[in-house]
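*Asks:* Starting off with a structure, shown below.
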Amino acid sequence: MDKIRLFLAIALCALITSACNTAAQDTTAKVDQRSYVTIGALLGLSGDAAAYGVSQKKGIELAVREINDSNYLAGNRELRLVVVDGGSSGDSAAAAISTLISDNKVAAIIGPTLSSQAFKADPEAQKNRIPVMAVSNTVPGITSMGDYIFRCSLPESTVIGGTIKAAASQLRIVKVAYLWGSDDDYTRAGYQAFCDAVEKNGLQVLADETFARGDTDFKTQLEKIIAREPDAILVSALAREASPIIKQARALSYTGLIIGGNGFNSPDLITQAGSDAEGVMAGTAWNIGNTNPRNLAFISAFQKAYGVQPDQFAAQAYTGTWLIANAVRTGRSGEPGAIRNALAEIANFTTPLGSFSFDGSREPVHPSIVQIIRNGRFTVFNP
Ligand code: 1QQ
């Protein structure tokens with residue numbers, strides 16, 4: 001009898017163990033079936049670039065959550081996001097992109113925040129054939145670094161061209177002065193874009209002054225400019241320098257127009273320049289007032305997630321993440337080469353920026369907007 005009991009006990013144990021193993025195998029099998037597409041976000045989260053990078057991170061993280069929650073990639077794939085702080089210099093961005101490529105083995109990279117960083121970092125991605133999605137680089141020459149480099153951020157020449165044309169034709173500005181940063185790729189390109197637009201619109205240049213990144217006192221240059229009585233001061237600056245420039249110009253009793261480029265589009269500029277920012281104009285790729293349904297859905301999800309309104313940098317970073325997801329989905333692969341090829345095919349994709357396509361040079365195609373600061377908000381310029 002005891003032998004029978006012992007036999008039954010052993011048999012029961014064996015049965016339970018086998019059932020447990022099968023269950024464990026099943027769970028493992030489920031986990032193994034999921035495949036992750038690792039993407040890197042190389043963002044300026046510290047230093048000057050943080051005025052843009054912190055907001056970009058929010059846009060990317062929101063998009064990744066939406067993509068994974070809706071099973072958008074299909075085939076049991078999910079995005080896995082690795083965010084690294086690329087600081088605000090080219091060298092810090094170059095070091096960070098190497099980490100993403102060699103340690104994190106990313107399949108695609110979003111960023112870096114500044115064009116001056118992209119020129120140092122992107123060649124490493126191109127060499128390793130990892131696609132890069134620039135979401136805020138506006139300087140000419142970004143995508144010509146190689147066939148793996150894309151951008152969804154409108155070039156400075158596009159947005160500035162539209163702004164100067166609107167100011168000349170609708171506000172009748174004739175005489176202008178330049179104030180621009182001479183030591184940064186973005187501020188130099190912005191100046192060049194202003195020069196081209198000024199020439200095209202037949203405006204008269206009264207003064208041409210420069211500054212360096214990190215400067216805080218612009219009074220000497222502004223005094224020279226204001227003495228010439230321009231209708232508009234055309235400022236090519238990152239947000240950190242743009243705010244004190246605006247404040248100091250108003251403190252010197254300048255009442256004319258101040259026009260900036262992409263660097264002005266951070267809400268930090270309004271917070272820091274306060275009421276002095278009223279009436280400042282800047283070209284942009286996105287405005288919060290755009291009522292296309294995809295934009296409204298983005299704004300509402302962003303506000304729900306973070307309790308604040310998105311800015312242009314969040315909208316572009318969110319869009320760039322969705323573009324990569326779309327490439328993974330349509331290319332049915334999370335491999336860098338397949339993502340690159342599928343990205344190049346994207347046309348008429350619905351985004352918060354409007355209907356989005358890449359041209360043959362991997363440059364963005366969608367409308368640009370002129371905005372003006374009214375009542376502490378960026379509003380569409382509509383005189
Ligand atoms: C660039 C820019 C900056 C103003 C935004 C991050 O456009 O560096 O290209």
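Just so we're on the same page: first chain in the structure tokens is A, next is B, and so on; residues restart at 1 for each chain, and ligands are numbered from 1 in the order they show up.
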Write out as a PyMOL selection string each polymer residue (protein, DNA or RNA) that has an atom no more than 9 Å from ligand 1, with only C-alpha atoms and all ligand atoms counted.

*Replies:* chain A and resi 44+49-53+112-118+135-140+142+153-156+184-187+189-190+236-239+261-266+313

*Asks:* I'd like the neighbourhood of A:Asn71 as a PyMOL selection string, where a residue qualifies if any of its atoms comes within 12 Å (using only C-alpha atoms), though same-chain residues fewer than 6 positions away should be ignored.

*Replies:* chain A and resi 34+64-65+77-79+325-326+329

*Asks:* Take the residues from that selection and put them in a file with all heavy atoms, as a PDB file, in the first residue's frame.

*Replies:*
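Listing of out_9.pdb after writing:
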```
ATOM      1  N   ARG A  34       8.109  38.687 -28.824  1.00  0.00           N
ATOM      2  CA  ARG A  34       8.116  40.141 -28.917  1.00  0.00           C
ATOM      3  C   ARG A  34       9.479  40.590 -29.375  1.00  0.00           C
ATOM      4  O   ARG A  34      10.472  40.171 -28.826  1.00  0.00           O
ATOM      5  CB  ARG A  34       7.904  40.730 -27.519  1.00  0.00           C
ATOM      6  CG  ARG A  34       6.460  41.021 -27.261  1.00  0.00           C
ATOM      7  CD  ARG A  34       6.308  42.121 -26.289  1.00  0.00           C
ATOM      8  NE  ARG A  34       5.113  42.913 -26.398  1.00  0.00           N
ATOM      9  CZ  ARG A  34       4.306  43.040 -27.410  1.00  0.00           C
ATOM     10  NH1 ARG A  34       4.529  42.410 -28.509  1.00  0.00           N
ATOM     11  NH2 ARG A  34       3.263  43.820 -27.372  1.00  0.00           N
ATOM     12  N   VAL A  64       6.255  57.387 -28.492  1.00  0.00           N
ATOM     13  CA  VAL A  64       6.629  55.971 -28.252  1.00  0.00           C
ATOM     14  C   VAL A  64       5.511  55.258 -27.488  1.00  0.00           C
ATOM     15  O   VAL A  64       5.127  54.134 -27.834  1.00  0.00           O
ATOM     16  CB  VAL A  64       7.986  55.879 -27.509  1.00  0.00           C
ATOM     17  CG1 VAL A  64       8.242  54.465 -26.989  1.00  0.00           C
ATOM     18  CG2 VAL A  64       9.124  56.308 -28.423  1.00  0.00           C
ATOM     19  N   ARG A  65       4.957  55.941 -26.468  1.00  0.00           N
ATOM     20  CA  ARG A  65       3.860  55.326 -25.708  1.00  0.00           C
ATOM     21  C   ARG A  65       2.663  55.038 -26.616  1.00  0.00           C
ATOM     22  O   ARG A  65       2.086  53.955 -26.590  1.00  0.00           O
ATOM     23  CB  ARG A  65       3.417  56.265 -24.570  1.00  0.00           C
ATOM     24  CG  ARG A  65       4.254  56.115 -23.306  1.00  0.00           C
ATOM     25  CD  ARG A  65       3.531  56.700 -22.092  1.00  0.00           C
ATOM     26  NE  ARG A  65       3.238  58.116 -22.206  1.00  0.00           N
ATOM     27  CZ  ARG A  65       4.101  59.096 -21.898  1.00  0.00           C
ATOM     28  NH1 ARG A  65       5.312  58.790 -21.487  1.00  0.00           N
ATOM     29  NH2 ARG A  65       3.749  60.361 -22.005  1.00  0.00           N
ATOM     30  N   ARG A  77       5.990  43.748 -32.622  1.00  0.00           N
ATOM     31  CA  ARG A  77       7.163  44.605 -32.391  1.00  0.00           C
ATOM     32  C   ARG A  77       6.802  45.765 -31.492  1.00  0.00           C
ATOM     33  O   ARG A  77       5.690  46.270 -31.510  1.00  0.00           O
ATOM     34  CB  ARG A  77       7.659  45.210 -33.696  1.00  0.00           C
ATOM     35  CG  ARG A  77       8.393  44.260 -34.564  1.00  0.00           C
ATOM     36  CD  ARG A  77       9.127  45.023 -35.655  1.00  0.00           C
ATOM     37  NE  ARG A  77       9.599  44.080 -36.623  1.00  0.00           N
ATOM     38  CZ  ARG A  77       8.879  43.671 -37.666  1.00  0.00           C
ATOM     39  NH1 ARG A  77       7.687  44.157 -37.888  1.00  0.00           N
ATOM     40  NH2 ARG A  77       9.367  42.787 -38.500  1.00  0.00           N
ATOM     41  N   GLU A  78       7.799  46.223 -30.754  1.00  0.00           N
ATOM     42  CA  GLU A  78       7.634  47.414 -29.915  1.00  0.00           C
ATOM     43  C   GLU A  78       8.853  48.290 -30.052  1.00  0.00           C
ATOM     44  O   GLU A  78       9.954  47.791 -30.289  1.00  0.00           O
ATOM     45  CB  GLU A  78       7.533  46.994 -28.441  1.00  0.00           C
ATOM     46  CG  GLU A  78       6.129  46.845 -27.955  1.00  0.00           C
ATOM     47  CD  GLU A  78       6.047  46.771 -26.440  1.00  0.00           C
ATOM     48  OE1 GLU A  78       6.914  47.356 -25.754  1.00  0.00           O
ATOM     49  OE2 GLU A  78       5.114  46.113 -25.965  1.00  0.00           O
ATOM     50  N   LEU A  79       8.661  49.580 -29.859  1.00  0.00           N
ATOM     51  CA  LEU A  79       9.821  50.474 -29.814  1.00  0.00           C
ATOM     52  C   LEU A  79      10.396  50.439 -28.409  1.00  0.00           C
ATOM     53  O   LEU A  79       9.653  50.420 -27.431  1.00  0.00           O
ATOM     54  CB  LEU A  79       9.420  51.913 -30.134  1.00  0.00           C
ATOM     55  CG  LEU A  79       9.044  52.274 -31.569  1.00  0.00           C
ATOM     56  CD1 LEU A  79       8.759  53.762 -31.667  1.00  0.00           C
ATOM     57  CD2 LEU A  79      10.147  51.885 -32.555  1.00  0.00           C
ATOM     58  N   ALA A 325       8.431  55.112 -36.845  1.00  0.00           N
ATOM     59  CA  ALA A 325       7.491  53.995 -36.610  1.00  0.00           C
ATOM     60  C   ALA A 325       6.812  53.594 -37.917  1.00  0.00           C
ATOM     61  O   ALA A 325       6.661  52.404 -38.219  1.00  0.00           O
ATOM     62  CB  ALA A 325       6.452  54.413 -35.569  1.00  0.00           C
ATOM     63  N   ASN A 326       6.447  54.608 -38.696  1.00  0.00           N
ATOM     64  CA  ASN A 326       5.789  54.313 -39.975  1.00  0.00           C
ATOM     65  C   ASN A 326       6.729  53.527 -40.894  1.00  0.00           C
ATOM     66  O   ASN A 326       6.314  52.589 -41.583  1.00  0.00           O
ATOM     67  CB  ASN A 326       5.342  55.624 -40.633  1.00  0.00           C
ATOM     68  CG  ASN A 326       4.614  55.380 -41.938  1.00  0.00           C
ATOM     69  OD1 ASN A 326       5.154  55.586 -43.009  1.00  0.00           O
ATOM     70  ND2 ASN A 326       3.382  54.880 -41.856  1.00  0.00           N
ATOM     71  N   ARG A 329       6.897  49.937 -39.747  1.00  0.00           N
ATOM     72  CA  ARG A 329       5.646  49.246 -40.078  1.00  0.00           C
ATOM     73  C   ARG A 329       5.556  48.926 -41.574  1.00  0.00           C
ATOM     74  O   ARG A 329       5.304  47.786 -41.958  1.00  0.00           O
ATOM     75  CB  ARG A 329       4.474  50.142 -39.671  1.00  0.00           C
ATOM     76  CG  ARG A 329       3.113  49.554 -39.896  1.00  0.00           C
ATOM     77  CD  ARG A 329       2.085  50.614 -39.496  1.00  0.00           C
ATOM     78  NE  ARG A 329       0.821  50.391 -40.126  1.00  0.00           N
ATOM     79  CZ  ARG A 329      -0.270  49.989 -39.478  1.00  0.00           C
ATOM     80  NH1 ARG A 329      -0.216  49.756 -38.198  1.00  0.00           N
ATOM     81  NH2 ARG A 329      -1.392  49.825 -40.125  1.00  0.00           N
TER      82      ARG A 329
END
```

*Asks:* As a PyMOL selection string, please: the residues near stretch 147-152 of chain A (cut-off 10 Å, only C-alpha atoms, same-chain neighbours under 5 positions excluded).

*Replies:* chain A and resi 108-111+118+122-123+125-138+142+285+316-317+319-320+323+336-337+339-341+343-344+353+356-359+361-366

*Asks:* With a distance cut-off of 8 Å and only C-alpha atoms, select the neighbouring residues of A:Gly376, excluding the residue or stretch itself and same-chain residues fewer than 6 positions from it, and output the selection as an MDAnalysis selection string.

*Replies:* chainID A and resid 270 274:275 277:278

*Asks:* Generate a file of the selected residues that holds C-alpha atoms, formatted as a compact mmCIF listing (two decimals), in the first residue's frame.

*Replies:*
```txt
# COMPACT_ATOMS: atom_id res chain seq x y z
CA ILE A 270 8.31 84.44 -23.93
CA GLY A 274 7.98 88.80 -20.76
CA SER A 275 5.94 91.68 -22.18
CA ALA A 277 8.34 89.76 -26.45
CA GLU A 278 4.96 91.17 -27.61
```

*Asks:* Residues at most 8 Å from A:Val83, counting only C-alpha atoms, excluding those fewer than 2 positions away in the same chain, as a short mmCIF file (atom, residue, chain, number, x, y, z; two decimals) with all heavy atoms, in the first residue's frame?

*Replies:*
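Below is the file that was written, part12.cif:
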```
data_model
loop_
_atom_site.label_atom_id
_atom_site.label_comp_id
_atom_site.auth_asym_id
_atom_site.auth_seq_id
_atom_site.Cartn_x
_atom_site.Cartn_y
_atom_site.Cartn_z
N GLY A 40 17.35 55.49 -30.50
CA GLY A 40 18.06 56.40 -29.59
C GLY A 40 17.57 57.83 -29.80
O GLY A 40 17.31 58.24 -30.93
N ALA A 41 17.42 58.57 -28.70
CA ALA A 41 17.12 60.01 -28.81
C ALA A 41 18.31 60.75 -28.24
O ALA A 41 18.65 60.60 -27.07
CB ALA A 41 15.86 60.35 -28.05
N LEU A 42 18.98 61.49 -29.11
CA LEU A 42 20.19 62.23 -28.71
C LEU A 42 19.79 63.69 -28.60
O LEU A 42 19.65 64.40 -29.60
CB LEU A 42 21.25 62.00 -29.80
CG LEU A 42 22.51 62.85 -29.81
CD1 LEU A 42 23.17 62.87 -28.45
CD2 LEU A 42 23.47 62.33 -30.85
N LEU A 43 19.56 64.13 -27.36
CA LEU A 43 18.94 65.45 -27.16
C LEU A 43 19.79 66.35 -26.27
O LEU A 43 20.48 65.88 -25.37
CB LEU A 43 17.56 65.26 -26.51
CG LEU A 43 16.61 64.33 -27.26
CD1 LEU A 43 15.35 64.09 -26.46
CD2 LEU A 43 16.28 64.88 -28.64
N LYS A 57 12.15 65.76 -25.74
CA LYS A 57 12.08 64.48 -25.03
C LYS A 57 10.61 64.13 -24.73
O LYS A 57 10.19 62.99 -24.91
CB LYS A 57 12.89 64.58 -23.74
CG LYS A 57 12.90 63.34 -22.88
CD LYS A 57 13.96 63.47 -21.79
CE LYS A 57 13.97 62.29 -20.86
NZ LYS A 57 13.00 62.38 -19.77
N LEU A 81 12.98 52.82 -26.28
CA LEU A 81 13.62 54.14 -26.42
C LEU A 81 14.80 54.29 -25.46
O LEU A 81 14.67 54.02 -24.27
CB LEU A 81 12.58 55.23 -26.15
CG LEU A 81 13.08 56.67 -26.18
CD1 LEU A 81 13.49 57.08 -27.59
CD2 LEU A 81 11.99 57.62 -25.66
N ASP A 85 21.66 62.42 -23.05
CA ASP A 85 21.87 63.87 -23.05
C ASP A 85 23.12 64.17 -23.89
O ASP A 85 24.22 63.80 -23.52
CB ASP A 85 22.06 64.35 -21.60
CG ASP A 85 22.29 65.87 -21.54
OD1 ASP A 85 22.21 66.54 -22.59
OD2 ASP A 85 22.56 66.37 -20.43
#
```

*Asks:* Would you work out the distance separating atom CA of A:Ser88 from atom CA of A:Ser182, expressed in Å to one decimal?

*Replies:*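 These two atoms are separated by 16.6 Å.
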
*Asks:* Restricting the calculation to only C-alpha atoms: of A:Gly162, A:Pro293, A:Pro244, A:Pro367, which residue gets closest to A:Gln272?

*Replies:*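 For A:Gln272, the nearest of the given residues is A:Pro244.
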
*Asks:* Select from stretch 151-287 of chain A everything DSSP, run on the backbone, classes as alpha helix (DSSP H), then give the selection as a ChimeraX atom specification.

*Replies:* /A:156-170,185-200,219-227,239-251,267-273

*Asks:* List the spatial neighbours of A:Ile373 as an mmCIF file with N, CA, C and O atoms, in the first residue's frame - criterion: any atom at most 12 Å away, only C-alpha atoms, same-chain residues fewer than 6 positions off excluded.

*Replies:*
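To be explicit, this is the file written out as part.cif:
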```cif
data_model
loop_
_atom_site.group_PDB
_atom_site.id
_atom_site.type_symbol
_atom_site.label_atom_id
_atom_site.label_comp_id
_atom_site.auth_asym_id
_atom_site.auth_seq_id
_atom_site.Cartn_x
_atom_site.Cartn_y
_atom_site.Cartn_z
ATOM 1 N N LEU A 257 10.050 96.654 -35.271
ATOM 2 C CA LEU A 257 9.826 95.215 -35.320
ATOM 3 C C LEU A 257 11.118 94.442 -34.982
ATOM 4 O O LEU A 257 12.219 94.886 -35.335
ATOM 5 N N ILE A 258 10.959 93.304 -34.316
ATOM 6 C CA ILE A 258 12.089 92.382 -34.117
ATOM 7 C C ILE A 258 11.664 91.052 -34.759
ATOM 8 O O ILE A 258 10.578 90.534 -34.464
ATOM 9 N N ILE A 259 12.515 90.557 -35.647
ATOM 10 C CA ILE A 259 12.182 89.310 -36.356
ATOM 11 C C ILE A 259 13.270 88.272 -36.100
ATOM 12 O O ILE A 259 14.471 88.580 -36.202
ATOM 13 N N GLY A 260 12.854 87.061 -35.762
ATOM 14 C CA GLY A 260 13.818 85.987 -35.522
ATOM 15 C C GLY A 260 13.517 84.784 -36.395
ATOM 16 O O GLY A 260 12.613 84.807 -37.233
ATOM 17 N N PHE A 264 13.869 81.228 -32.068
ATOM 18 C CA PHE A 264 12.938 82.006 -31.239
ATOM 19 C C PHE A 264 11.743 81.182 -30.761
ATOM 20 O O PHE A 264 10.980 81.643 -29.919
ATOM 21 N N ASN A 265 11.558 79.982 -31.331
ATOM 22 C CA ASN A 265 10.277 79.297 -31.152
ATOM 23 C C ASN A 265 10.113 78.523 -29.847
ATOM 24 O O ASN A 265 9.249 77.659 -29.744
ATOM 25 N N SER A 266 10.928 78.847 -28.847
ATOM 26 C CA SER A 266 10.779 78.196 -27.549
ATOM 27 C C SER A 266 9.937 79.079 -26.626
ATOM 28 O O SER A 266 10.152 80.290 -26.564
ATOM 29 N N PRO A 267 8.987 78.476 -25.880
ATOM 30 C CA PRO A 267 8.208 79.271 -24.916
ATOM 31 C C PRO A 267 9.117 79.940 -23.881
ATOM 32 O O PRO A 267 8.732 80.931 -23.270
ATOM 33 N N LEU A 269 11.510 81.791 -24.449
ATOM 34 C CA LEU A 269 11.754 83.156 -24.917
ATOM 35 C C LEU A 269 10.657 84.087 -24.387
ATOM 36 O O LEU A 269 10.938 85.190 -23.919
ATOM 37 N N ILE A 270 9.426 83.618 -24.408
ATOM 38 C CA ILE A 270 8.306 84.442 -23.929
ATOM 39 C C ILE A 270 8.398 84.576 -22.405
ATOM 40 O O ILE A 270 8.213 85.661 -21.857
ATOM 41 N N THR A 271 8.716 83.486 -21.737
ATOM 42 C CA THR A 271 8.823 83.546 -20.276
ATOM 43 C C THR A 271 9.910 84.530 -19.879
ATOM 44 O O THR A 271 9.722 85.346 -18.975
ATOM 45 N N ALA A 273 11.557 86.947 -21.802
ATOM 46 C CA ALA A 273 11.471 88.338 -22.290
ATOM 47 C C ALA A 273 10.181 89.008 -21.818
ATOM 48 O O ALA A 273 10.048 90.227 -21.897
ATOM 49 N N GLY A 274 9.218 88.242 -21.318
ATOM 50 C CA GLY A 274 7.979 88.800 -20.756
ATOM 51 C C GLY A 274 7.243 89.669 -21.766
ATOM 52 O O GLY A 274 7.156 89.340 -22.950
ATOM 53 N N SER A 275 6.762 90.822 -21.301
ATOM 54 C CA SER A 275 5.945 91.677 -22.178
ATOM 55 C C SER A 275 6.778 92.273 -23.307
ATOM 56 O O SER A 275 6.229 92.709 -24.324
ATOM 57 N N ASP A 276 8.113 92.298 -23.157
ATOM 58 C CA ASP A 276 8.962 92.807 -24.245
ATOM 59 C C ASP A 276 8.883 91.915 -25.490
ATOM 60 O O ASP A 276 9.265 92.335 -26.588
ATOM 61 N N ALA A 277 8.419 90.682 -25.299
ATOM 62 C CA ALA A 277 8.338 89.763 -26.446
ATOM 63 C C ALA A 277 7.113 90.054 -27.323
ATOM 64 O O ALA A 277 7.019 89.532 -28.446
ATOM 65 N N GLU A 278 6.180 90.868 -26.825
ATOM 66 C CA GLU A 278 4.964 91.168 -27.606
ATOM 67 C C GLU A 278 5.332 91.742 -28.969
ATOM 68 O O GLU A 278 6.161 92.663 -29.058
ATOM 69 N N GLY A 279 4.730 91.208 -30.006
ATOM 70 C CA GLY A 279 4.957 91.723 -31.353
ATOM 71 C C GLY A 279 6.180 91.148 -32.054
ATOM 72 O O GLY A 279 6.417 91.434 -33.231
ATOM 73 N N VAL A 280 6.957 90.310 -31.365
ATOM 74 C CA VAL A 280 8.124 89.688 -32.011
ATOM 75 C C VAL A 280 7.617 88.660 -33.031
ATOM 76 O O VAL A 280 6.682 87.904 -32.759
ATOM 77 N N MET A 281 8.252 88.650 -34.216
ATOM 78 C CA MET A 281 7.837 87.709 -35.274
ATOM 79 C C MET A 281 8.889 86.629 -35.492
ATOM 80 O O MET A 281 10.083 86.908 -35.347
ATOM 81 N N ALA A 282 8.437 85.449 -35.866
ATOM 82 C CA ALA A 282 9.384 84.375 -36.205
ATOM 83 C C ALA A 282 8.712 83.374 -37.125
ATOM 84 O O ALA A 282 7.510 83.109 -36.993
ATOM 85 N N GLY A 283 9.491 82.830 -38.029
ATOM 86 C CA GLY A 283 8.977 81.779 -38.903
ATOM 87 C C GLY A 283 8.967 80.471 -38.134
ATOM 88 O O GLY A 283 9.771 80.266 -37.232
ATOM 89 N N ASN A 287 2.301 75.646 -35.564
ATOM 90 C CA ASN A 287 1.682 76.562 -34.599
ATOM 91 C C ASN A 287 0.562 75.841 -33.869
ATOM 92 O O ASN A 287 -0.161 75.033 -34.459
ATOM 93 N N THR A 379 1.107 83.242 -31.982
ATOM 94 C CA THR A 379 -0.122 83.141 -32.774
ATOM 95 C C THR A 379 0.239 83.272 -34.250
ATOM 96 O O THR A 379 1.277 83.859 -34.596
ATOM 97 N N VAL A 380 -0.631 82.749 -35.110
ATOM 98 C CA VAL A 380 -0.349 82.827 -36.549
ATOM 99 C C VAL A 380 -0.478 84.279 -36.981
ATOM 100 O O VAL A 380 -1.437 84.969 -36.618
ATOM 101 N N PHE A 381 0.529 84.750 -37.751
ATOM 102 C CA PHE A 381 0.527 86.135 -38.234
ATOM 103 C C PHE A 381 -0.499 86.253 -39.344
ATOM 104 O O PHE A 381 -0.369 85.637 -40.387
ATOM 105 N N ASN A 382 -1.509 87.065 -39.069
ATOM 106 C CA ASN A 382 -2.650 87.160 -39.971
ATOM 107 C C ASN A 382 -3.158 88.607 -39.927
ATOM 108 O O ASN A 382 -4.167 88.880 -39.309
#
```
